[in-house]
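> Sending over final.cif (mmCIF, C-alpha atoms and all ligand atoms).
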data_data
#
loop_
_atom_site.label_atom_id
_atom_site.label_comp_id
_atom_site.auth_asym_id
_atom_site.auth_seq_id
_atom_site.Cartn_x
_atom_site.Cartn_y
_atom_site.Cartn_z
CA MET A 994 -4.79 23.69 -0.13
CA SER A 995 -2.71 22.46 -3.05
CA THR A 996 0.55 20.61 -2.57
CA SER A 997 2.81 18.85 -4.98
CA PHE A 998 3.85 15.36 -4.02
CA ASP A 999 7.25 13.93 -4.90
CA PRO A 1000 7.23 10.17 -4.22
CA VAL A 1001 11.04 10.02 -4.42
CA ALA A 1002 11.32 12.33 -1.38
CA TYR A 1003 8.80 10.35 0.67
CA GLY A 1004 10.13 9.36 4.07
CA GLU A 1005 13.09 11.75 4.04
CA SER A 1006 11.76 13.67 7.03
CA THR A 1007 9.76 10.85 8.66
CA ILE A 1008 11.95 7.78 8.30
CA ASP A 1009 13.13 7.94 11.92
CA PHE A 1010 9.59 7.50 13.22
CA TYR A 1011 7.75 6.03 10.21
CA ASP A 1012 7.42 2.55 11.72
CA LEU A 1013 5.87 4.05 14.86
CA LEU A 1014 3.08 5.57 12.75
CA TYR A 1015 1.93 2.24 11.36
CA PRO A 1016 2.32 -0.35 14.10
CA ALA A 1017 3.32 -3.87 13.19
CA GLY A 1018 0.37 -5.26 15.21
CA GLU A 1019 -1.98 -5.32 12.22
CA VAL A 1020 0.48 -7.11 9.91
CA PRO A 1021 -0.29 -10.72 11.01
CA GLY A 1022 -3.93 -10.06 10.03
CA ILE A 1023 -2.85 -8.89 6.57
CA VAL A 1024 -0.58 -11.93 6.11
CA ASP A 1025 -3.42 -14.17 7.23
CA PHE A 1026 -5.82 -12.51 4.78
CA ILE A 1027 -3.37 -13.20 1.96
CA ARG A 1028 -2.66 -16.75 3.11
CA LYS A 1029 -6.36 -17.53 2.71
CA ARG A 1030 -6.25 -16.33 -0.90
CA VAL A 1031 -2.98 -17.49 -2.45
CA PRO A 1032 -0.78 -20.48 -1.49
CA GLU A 1033 2.72 -20.24 -0.08
CA GLY A 1034 5.27 -19.74 -2.83
CA SER A 1035 2.98 -17.46 -4.86
CA ARG A 1036 4.49 -14.38 -6.48
CA ILE A 1037 3.36 -11.13 -4.84
CA VAL A 1038 4.16 -7.57 -5.88
CA GLU A 1039 3.56 -4.79 -3.36
CA LEU A 1040 3.19 -1.29 -4.81
CA GLY A 1041 4.43 1.32 -2.32
CA ALA A 1042 6.08 -1.24 -0.05
CA GLY A 1043 7.77 1.44 2.03
CA THR A 1044 9.96 0.11 4.83
CA GLY A 1045 8.75 -3.44 4.22
CA ARG A 1046 6.33 -3.49 7.16
CA VAL A 1047 4.19 -6.00 5.21
CA ALA A 1048 6.56 -7.14 2.43
CA VAL A 1049 9.19 -8.59 4.77
CA PRO A 1050 6.78 -10.69 6.91
CA LEU A 1051 5.14 -11.93 3.71
CA ALA A 1052 8.52 -13.02 2.33
CA GLU A 1053 9.32 -14.67 5.66
CA SER A 1054 6.02 -16.56 5.31
CA GLY A 1055 7.23 -18.18 2.13
CA TYR A 1056 5.97 -15.85 -0.60
CA ALA A 1057 8.14 -14.56 -3.44
CA VAL A 1058 7.73 -10.86 -2.75
CA HIS A 1059 8.68 -7.96 -5.00
CA ALA A 1060 8.63 -4.54 -3.32
CA VAL A 1061 8.12 -1.45 -5.46
CA ASP A 1062 8.75 2.02 -4.05
CA ALA A 1063 10.01 5.32 -5.44
CA ALA A 1064 11.64 6.51 -2.22
CA PRO A 1065 15.27 5.54 -1.54
CA ALA A 1066 14.89 6.36 2.19
CA MET A 1067 12.06 3.84 2.53
CA LEU A 1068 13.84 1.13 0.56
CA LYS A 1069 17.02 1.59 2.56
CA ALA A 1070 15.00 0.91 5.75
CA LEU A 1071 13.41 -2.13 4.07
CA ARG A 1072 16.83 -3.61 3.30
CA VAL A 1073 17.88 -3.19 6.94
CA LYS A 1074 14.80 -5.20 7.99
CA ASP A 1075 15.56 -7.89 5.45
CA PRO A 1076 19.23 -8.81 5.93
CA ALA A 1077 18.67 -12.14 4.17
CA GLY A 1078 17.48 -10.30 1.05
CA LEU A 1079 14.28 -12.33 0.80
CA VAL A 1080 12.40 -9.41 -0.82
CA SER A 1081 13.24 -8.35 -4.39
CA VAL A 1082 13.42 -4.57 -4.31
CA HIS A 1083 12.57 -2.24 -7.21
CA GLN A 1084 13.04 1.49 -6.97
CA ALA A 1085 10.34 2.57 -9.42
CA ASP A 1086 7.31 4.80 -9.86
CA PHE A 1087 4.22 2.61 -9.76
CA THR A 1088 2.12 5.12 -11.68
CA ARG A 1089 4.43 4.51 -14.65
CA ASP A 1090 6.55 1.38 -14.29
CA VAL A 1091 5.72 -2.30 -14.50
CA VAL A 1092 8.44 -4.30 -12.75
CA GLY A 1093 7.29 -7.75 -13.81
CA ARG A 1094 4.37 -9.78 -15.15
CA ASP A 1095 2.35 -12.82 -14.18
CA PHE A 1096 2.22 -12.08 -10.47
CA ASP A 1097 -0.39 -14.03 -8.50
CA LEU A 1098 -1.27 -11.07 -6.30
CA CYS A 1099 -0.72 -7.34 -6.32
CA LEU A 1100 -0.93 -5.59 -2.97
CA ILE A 1101 -1.56 -1.91 -2.22
CA VAL A 1102 -1.88 -1.34 1.52
CA LYS A 1103 -2.26 1.43 4.06
CA ASN A 1104 -3.17 4.76 2.50
CA THR A 1105 -0.96 4.25 -0.56
CA LEU A 1106 -3.74 4.42 -3.19
CA PHE A 1107 -5.15 7.54 -1.52
CA MET A 1108 -1.75 9.21 -1.82
CA MET A 1109 -2.52 9.58 -5.51
CA GLN A 1110 -3.73 13.13 -5.95
CA SER A 1111 -6.57 12.63 -8.41
CA GLN A 1112 -9.11 10.00 -9.35
CA GLU A 1113 -7.41 9.74 -12.74
CA GLN A 1114 -4.09 8.92 -11.07
CA GLN A 1115 -5.75 6.33 -8.86
CA CYS A 1116 -7.22 4.69 -11.99
CA THR A 1117 -3.76 4.73 -13.58
CA VAL A 1118 -2.37 2.84 -10.58
CA LEU A 1119 -5.16 0.26 -10.78
CA ARG A 1120 -4.38 -0.24 -14.49
CA ARG A 1121 -0.64 -0.64 -13.70
CA SER A 1122 -1.59 -3.18 -11.01
CA ALA A 1123 -3.54 -5.21 -13.57
CA GLU A 1124 -0.54 -5.19 -15.90
CA HIS A 1125 1.51 -6.93 -13.20
CA LEU A 1126 -0.99 -9.78 -12.82
CA GLY A 1127 -1.25 -13.11 -14.59
CA GLU A 1128 -4.55 -14.69 -15.50
CA GLY A 1129 -6.71 -15.03 -12.39
CA GLY A 1130 -4.32 -12.84 -10.41
CA LEU A 1131 -5.73 -10.91 -7.47
CA LEU A 1132 -5.50 -7.24 -6.57
CA VAL A 1133 -5.78 -6.50 -2.84
CA VAL A 1134 -6.26 -2.86 -1.86
CA GLU A 1135 -6.48 -1.59 1.70
CA THR A 1136 -7.57 2.00 2.36
CA TYR A 1137 -9.05 3.96 5.22
CA GLU A 1138 -12.71 4.93 5.32
CA PRO A 1139 -12.77 8.66 4.42
CA SER A 1140 -16.17 9.67 5.80
CA PHE A 1141 -14.61 10.12 9.26
CA TYR A 1142 -12.49 12.93 7.79
CA HIS A 1143 -15.40 14.44 5.86
CA ALA A 1144 -17.17 14.98 9.18
CA LEU A 1145 -14.29 16.95 10.71
CA PRO A 1146 -14.14 20.75 10.85
CA SER A 1147 -12.15 22.24 7.96
CA THR A 1148 -8.93 22.21 9.98
CA HIS A 1149 -8.55 19.65 12.71
CA THR A 1150 -5.65 18.87 15.02
CA GLN A 1151 -5.19 15.63 16.90
CA SER A 1152 -2.34 14.27 18.95
CA SER A 1153 -1.20 10.83 19.99
CA VAL A 1154 1.61 9.42 22.07
CA LEU A 1155 3.86 7.13 20.03
CA GLY A 1156 6.18 6.18 22.86
CA ALA A 1157 8.22 7.63 25.71
CA ASN A 1158 9.02 11.28 24.83
CA LYS A 1159 7.35 10.94 21.42
CA LEU A 1160 4.25 13.03 20.75
CA LEU A 1161 2.68 13.01 17.30
CA ILE A 1162 0.61 16.05 16.28
CA ASP A 1163 -1.49 15.68 13.13
CA THR A 1164 -2.94 18.75 11.47
CA ILE A 1165 -5.62 17.67 9.02
CA GLN A 1166 -7.43 19.66 6.35
CA CYS A 1167 -10.20 17.92 4.46
CA ASP A 1168 -12.03 19.27 1.41
CA PRO A 1169 -14.96 16.89 0.81
CA VAL A 1170 -15.95 18.65 -2.42
CA ALA A 1171 -12.50 18.39 -3.99
CA GLN A 1172 -12.12 15.01 -2.21
CA THR A 1173 -8.71 15.92 -0.87
CA LEU A 1174 -7.15 15.35 2.51
CA TYR A 1175 -4.01 17.17 3.61
CA PHE A 1176 -2.14 15.64 6.53
CA LEU A 1177 0.75 17.45 8.23
CA ARG A 1178 2.45 15.13 10.70
CA THR A 1179 4.72 16.61 13.35
CA LEU A 1180 6.68 14.55 15.83
CA VAL A 1181 7.88 16.21 19.00
CA THR A 1182 10.57 14.21 20.70
CA ASP A 1183 12.68 15.27 23.65
CA GLY A 1184 11.55 18.83 22.97
CA ARG A 1185 12.66 18.71 19.31
CA LYS A 1186 10.27 19.00 16.37
CA ASN A 1187 10.46 16.83 13.26
CA SER A 1188 7.81 17.44 10.59
C1 LIG B 1201 1.79 5.10 3.29
S1 LIG B 1201 3.25 4.38 2.70
C2 LIG B 1201 2.84 2.66 2.90
C3 LIG B 1201 4.05 1.79 3.00
C4 LIG B 1201 3.78 0.30 3.24
N1 LIG B 1201 2.92 -0.24 2.23
C5 LIG B 1201 3.19 0.06 4.61
O1 LIG B 1201 2.11 -0.49 4.68
O2 LIG B 1201 3.84 0.38 5.62
C6 LIG B 1201 3.14 4.63 0.96
C7 LIG B 1201 4.40 4.29 0.20
O3 LIG B 1201 4.14 4.48 -1.20
C8 LIG B 1201 5.28 5.06 -1.81
N2 LIG B 1201 4.84 5.76 -3.03
C9 LIG B 1201 3.95 6.78 -3.12
N3 LIG B 1201 3.76 7.13 -4.40
C10 LIG B 1201 4.56 6.32 -5.14
C11 LIG B 1201 4.81 6.19 -6.53
N4 LIG B 1201 4.18 6.96 -7.44
N5 LIG B 1201 5.66 5.23 -6.95
C12 LIG B 1201 6.30 4.43 -6.05
N6 LIG B 1201 6.11 4.51 -4.71
C13 LIG B 1201 5.26 5.45 -4.27
C14 LIG B 1201 5.87 5.98 -0.74
O4 LIG B 1201 7.25 6.21 -0.97
C15 LIG B 1201 5.61 5.16 0.54
O5 LIG B 1201 6.71 4.36 0.87
#
Using structure tokens, write down the structure from this file.
Ligand SMILES: C[S@@+](CC[C@H](N)C(=O)[O-])C[C@H]1O[C@@H](n2cnc3c(N)ncnc32)[C@H](O)[C@@H]1O


Amino acid sequence: MSTSFDPVAYGESTIDFYDLLYPAGEVPGIVDFIRKRVPEGSRIVELGAGTGRVAVPLAESGYAVHAVDAAPAMLKALRVKDPAGLVSVHQADFTRDVVGRDFDLCLIVKNTLFMMQSQEQQCTVLRRSAEHLGEGGLLVVETYEPSFYHALPSTHTQSSVLGANKLLIDTIQCDPVAQTLYFLRTLVTDGRKNS
């Protein structure tokens, strides 16, 4: 299946339940991981910061955090979570734009790198990351392990309960040869569908 991906539109249909998809429970572990690598006060840039799930707690932990995201819906939600304005927000395309230099750490978490639709585009993002870093700067990338998806039948459906009256249905198509994964996420809430 081929789809075109517009990063600016990301979150438009999922913003109401986005934070339920990626629970905050794993964030202290990410902050801890970073704390062991760069001291408080260090400059961190997060590419694809989304709603600030990680960027805001990092800023609250004393880091100077810059959040880069192309999607206005996601950045609007980030600003709501950060009323003190601790995070510097950049609406930009991280495949193209460099929002600053000499950062101590560049962070790409969740499935953000895998949202790039080709290996070439992933390499471009890694190059852009390097351009943000000062000498000795660190790049931290978190991704999922794709072999689980490679083992699935060509179309696979799974469901999970996100909360009272909130059922998430994921329809997944994986093409191991093309190395692509297509994820359609549908939330059914109070009998209404949001996809
Ligand atoms: C899976 S979300 C992860 C958000 C956040 N890092 C988290 O852990 O919750 C990926 C984010 O990357 C952003 N994104 C995807 N492609 C982008 C691009 N080319 N430029 C800027 N942001 C992009 C999306 O808008 C989305 O907010």

> Do you know which residues are at most 12 Å from region 995-1004 of chain A counting all atoms listed in the file, after dropping those on the same chain fewer than 4 positions away, and could you put them as a PyMOL selection string?

chain A and resi 1008-1012+1014+1041-1044+1061-1071+1084-1088+1105+1108-1111+1166-1168+1171+1173-1178+1187-1188

> With all atoms listed in the file as the atoms that count, which of A:Ile1165, A:Ala1048, A:Leu1180, A:Val1073 lies nearest to Thr1148 (chain A)?

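Nearest to Thr1148 (chain A): A:Ile1165.
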
> Using only C-alpha atoms, find each residue in region 1068-1173 of chain A having at least one atom no more than 12 Å away from region 1015-1027 of chain A; report its shortest atom-to-atom pair and that distance in Å (one decimal), rows by chain then rising number, as CSV.


residue,atom,partner,partner_atom,distance
A:Asp1097,CA,A:Ile1027,CA,10.9
A:Leu1098,CA,A:Ile1027,CA,8.8
A:Cys1099,CA,A:Ile1027,CA,10.5
A:Leu1100,CA,A:Ile1027,CA,9.4
A:Ile1101,CA,A:Ile1023,CA,11.3
A:Val1102,CA,A:Ile1023,CA,9.1
A:Lys1103,CA,A:Tyr1015,CA,8.5
A:Asn1104,CA,A:Tyr1015,CA,10.5
A:Leu1131,CA,A:Ile1027,CA,10.0
A:Leu1132,CA,A:Ile1027,CA,10.6
A:Val1133,CA,A:Ile1027,CA,8.6
A:Val1134,CA,A:Ile1023,CA,10.9
A:Glu1135,CA,A:Ile1023,CA,9.5
A:Leu1155,CA,A:Pro1016,CA,9.7
A:Gly1156,CA,A:Pro1016,CA,11.6

> Just to be explicit: take each residue in the selection above, keep C-alpha atoms, and write the result as a CSV table (one decimal), in the frame of the given file.


chain,number,residue,atom,x,y,z
A,1097,ASP,CA,-0.4,-14.0,-8.5
A,1098,LEU,CA,-1.3,-11.1,-6.3
A,1099,CYS,CA,-0.7,-7.3,-6.3
A,1100,LEU,CA,-0.9,-5.6,-3.0
A,1101,ILE,CA,-1.6,-1.9,-2.2
A,1102,VAL,CA,-1.9,-1.3,1.5
A,1103,LYS,CA,-2.3,1.4,4.1
A,1104,ASN,CA,-3.2,4.8,2.5
A,1131,LEU,CA,-5.7,-10.9,-7.5
A,1132,LEU,CA,-5.5,-7.2,-6.6
A,1133,VAL,CA,-5.8,-6.5,-2.8
A,1134,VAL,CA,-6.3,-2.9,-1.9
A,1135,GLU,CA,-6.5,-1.6,1.7
A,1155,LEU,CA,3.9,7.1,20.0
A,1156,GLY,CA,6.2,6.2,22.9

> At what distance in Å, to one decimal, does CA of Arg1094 (chain A) lie from atom C14 of ligand LIG 1201 (chain B)?

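Rounded to one decimal, the two atoms are 21.4 Å apart.
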
> Which residue is closest to ligand LIG 1201 (chain B)? Choose from A:Leu1126, A:Leu1161, A:Val1091, A:Ala1144 and count all atoms listed in the file.

A:Val1091

> Output as JSON the centre and edge lengths (Å, one decimal) of the box along x, y and z of the file that holds every listed atom of ligand LIG 1201 (chain B) after adding 5 Å on each side.


{"center_x": 4.5, "center_y": 3.3, "center_z": -0.9, "size_x": 15.5, "size_y": 17.6, "size_z": 23.1}

> Just how far from CA of Val1080 (chain A) is CA of Val1058 (chain A), in Å to one decimal?

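Value for the CA of Val1058 (chain A)-CA of Val1080 (chain A) distance: 5.3 Å.
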
> For N, CA and C atoms, please extract region 1131-1175 of chain A from the block and return it as a CSV table (one decimal), in the first residue's frame.


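Saved result, result19.csv, follows:
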chain,number,residue,atom,x,y,z
A,1131,LEU,N,25.5,14.3,21.5
A,1131,LEU,CA,24.9,13.0,21.5
A,1131,LEU,C,23.6,13.0,20.7
A,1132,LEU,N,23.4,11.9,19.9
A,1132,LEU,CA,22.2,11.7,19.3
A,1132,LEU,C,21.5,10.4,20.0
A,1133,VAL,N,20.3,10.6,20.5
A,1133,VAL,CA,19.6,9.5,21.1
A,1133,VAL,C,18.4,9.2,20.3
A,1134,VAL,N,18.3,8.0,19.8
A,1134,VAL,CA,17.2,7.6,18.9
A,1134,VAL,C,16.5,6.4,19.6
A,1135,GLU,N,15.2,6.5,19.7
A,1135,GLU,CA,14.4,5.4,20.3
A,1135,GLU,C,13.4,4.9,19.1
A,1136,THR,N,13.4,3.6,18.9
A,1136,THR,CA,12.5,3.1,17.9
A,1136,THR,C,11.9,1.8,18.4
A,1137,TYR,N,10.9,1.3,17.7
A,1137,TYR,CA,10.4,-0.1,18.1
A,1137,TYR,C,11.2,-1.1,17.3
A,1138,GLU,N,11.0,-2.4,17.8
A,1138,GLU,CA,11.8,-3.5,17.1
A,1138,GLU,C,10.9,-4.1,16.1
A,1139,PRO,N,11.2,-3.9,14.8
A,1139,PRO,CA,10.2,-4.2,13.7
A,1139,PRO,C,10.0,-5.7,13.5
A,1140,SER,N,10.8,-6.6,14.0
A,1140,SER,CA,10.6,-8.0,13.6
A,1140,SER,C,9.3,-8.6,14.1
A,1141,PHE,N,8.7,-8.0,15.1
A,1141,PHE,CA,7.4,-8.4,15.6
A,1141,PHE,C,6.4,-8.2,14.4
A,1142,TYR,N,6.5,-7.1,13.8
A,1142,TYR,CA,5.5,-6.8,12.7
A,1142,TYR,C,5.8,-7.7,11.4
A,1143,HIS,N,7.1,-8.0,11.2
A,1143,HIS,CA,7.4,-8.8,10.1
A,1143,HIS,C,6.8,-10.2,10.2
A,1144,ALA,N,6.6,-10.7,11.4
A,1144,ALA,CA,6.0,-12.0,11.6
A,1144,ALA,C,4.5,-12.0,11.5
A,1145,LEU,N,3.9,-10.9,11.4
A,1145,LEU,CA,2.4,-10.9,11.4
A,1145,LEU,C,1.9,-11.3,10.0
A,1146,PRO,N,0.6,-11.8,9.9
A,1146,PRO,CA,0.0,-12.0,8.6
A,1146,PRO,C,0.0,-10.6,7.8
A,1147,SER,N,-0.3,-10.7,6.5
A,1147,SER,CA,-0.1,-9.4,5.7
A,1147,SER,C,-1.0,-8.3,6.2
A,1148,THR,N,-2.3,-8.7,6.7
A,1148,THR,CA,-3.1,-7.6,7.3
A,1148,THR,C,-3.5,-8.2,8.7
A,1149,HIS,N,-3.3,-7.4,9.7
A,1149,HIS,CA,-3.5,-7.8,11.1
A,1149,HIS,C,-4.3,-6.7,11.8
A,1150,THR,N,-5.2,-7.2,12.6
A,1150,THR,CA,-6.0,-6.2,13.4
A,1150,THR,C,-5.9,-6.5,14.9
A,1151,GLN,N,-5.6,-5.5,15.6
A,1151,GLN,CA,-5.6,-5.7,17.1
A,1151,GLN,C,-6.3,-4.6,17.8
A,1152,SER,N,-6.8,-4.9,19.0
A,1152,SER,CA,-7.6,-3.8,19.7
A,1152,SER,C,-7.1,-3.7,21.1
A,1153,SER,N,-7.2,-2.5,21.6
A,1153,SER,CA,-6.8,-2.3,23.0
A,1153,SER,C,-7.8,-1.3,23.7
A,1154,VAL,N,-7.9,-1.4,25.0
A,1154,VAL,CA,-8.8,-0.5,25.7
A,1154,VAL,C,-7.9,0.6,26.2
A,1155,LEU,N,-8.3,1.9,25.8
A,1155,LEU,CA,-7.5,3.0,26.3
A,1155,LEU,C,-8.1,3.7,27.5
A,1156,GLY,N,-9.3,3.3,27.9
A,1156,GLY,CA,-9.9,3.9,29.0
A,1156,GLY,C,-11.4,3.6,28.9
A,1157,ALA,N,-12.2,4.2,29.9
A,1157,ALA,CA,-13.6,3.9,29.9
A,1157,ALA,C,-14.2,4.4,28.6
A,1158,ASN,N,-14.9,3.5,27.9
A,1158,ASN,CA,-15.6,3.9,26.6
A,1158,ASN,C,-14.6,4.3,25.5
A,1159,LYS,N,-13.4,3.8,25.6
A,1159,LYS,CA,-12.4,4.1,24.6
A,1159,LYS,C,-11.7,2.9,24.1
A,1160,LEU,N,-12.1,2.4,22.9
A,1160,LEU,CA,-11.5,1.2,22.3
A,1160,LEU,C,-10.7,1.6,21.1
A,1161,LEU,N,-9.4,1.2,21.1
A,1161,LEU,CA,-8.5,1.5,20.0
A,1161,LEU,C,-8.4,0.3,19.1
A,1162,ILE,N,-8.7,0.4,17.8
A,1162,ILE,CA,-8.6,-0.7,16.8
A,1162,ILE,C,-7.4,-0.3,15.8
A,1163,ASP,N,-6.4,-1.1,15.8
A,1163,ASP,CA,-5.3,-0.9,14.9
A,1163,ASP,C,-5.4,-1.9,13.8
A,1164,THR,N,-5.3,-1.4,12.5
A,1164,THR,CA,-5.2,-2.3,11.4
A,1164,THR,C,-3.8,-2.1,10.8
A,1165,ILE,N,-3.1,-3.2,10.7
A,1165,ILE,CA,-1.7,-3.1,10.4
A,1165,ILE,C,-1.4,-3.9,9.1
A,1166,GLN,N,-0.7,-3.2,8.2
A,1166,GLN,CA,-0.2,-4.0,7.0
A,1166,GLN,C,1.3,-3.8,7.0
A,1167,CYS,N,2.0,-4.9,6.9
A,1167,CYS,CA,3.4,-4.9,6.9
A,1167,CYS,C,3.9,-5.5,5.6
A,1168,ASP,N,4.9,-4.9,5.0
A,1168,ASP,CA,5.5,-5.4,3.8
A,1168,ASP,C,7.0,-5.6,4.1
A,1169,PRO,N,7.5,-6.7,4.5
A,1169,PRO,CA,8.9,-6.9,5.0
A,1169,PRO,C,9.8,-6.7,3.8
A,1170,VAL,N,9.4,-6.9,2.6
A,1170,VAL,CA,10.4,-6.8,1.5
A,1170,VAL,C,10.6,-5.3,1.2
A,1171,ALA,N,9.5,-4.5,1.1
A,1171,ALA,CA,9.6,-3.1,0.9
A,1171,ALA,C,10.0,-2.4,2.2
A,1172,GLN,N,10.0,-3.1,3.3
A,1172,GLN,CA,10.2,-2.6,4.7
A,1172,GLN,C,9.3,-1.4,5.0
A,1173,THR,N,8.0,-1.6,4.8
A,1173,THR,CA,7.1,-0.6,5.1
A,1173,THR,C,6.0,-1.2,6.1
A,1174,LEU,N,5.5,-0.3,6.9
A,1174,LEU,CA,4.5,-0.7,7.9
A,1174,LEU,C,3.4,0.4,7.8
A,1175,TYR,N,2.2,0.0,7.5
A,1175,TYR,CA,1.0,0.9,7.4
A,1175,TYR,C,0.1,0.6,8.6
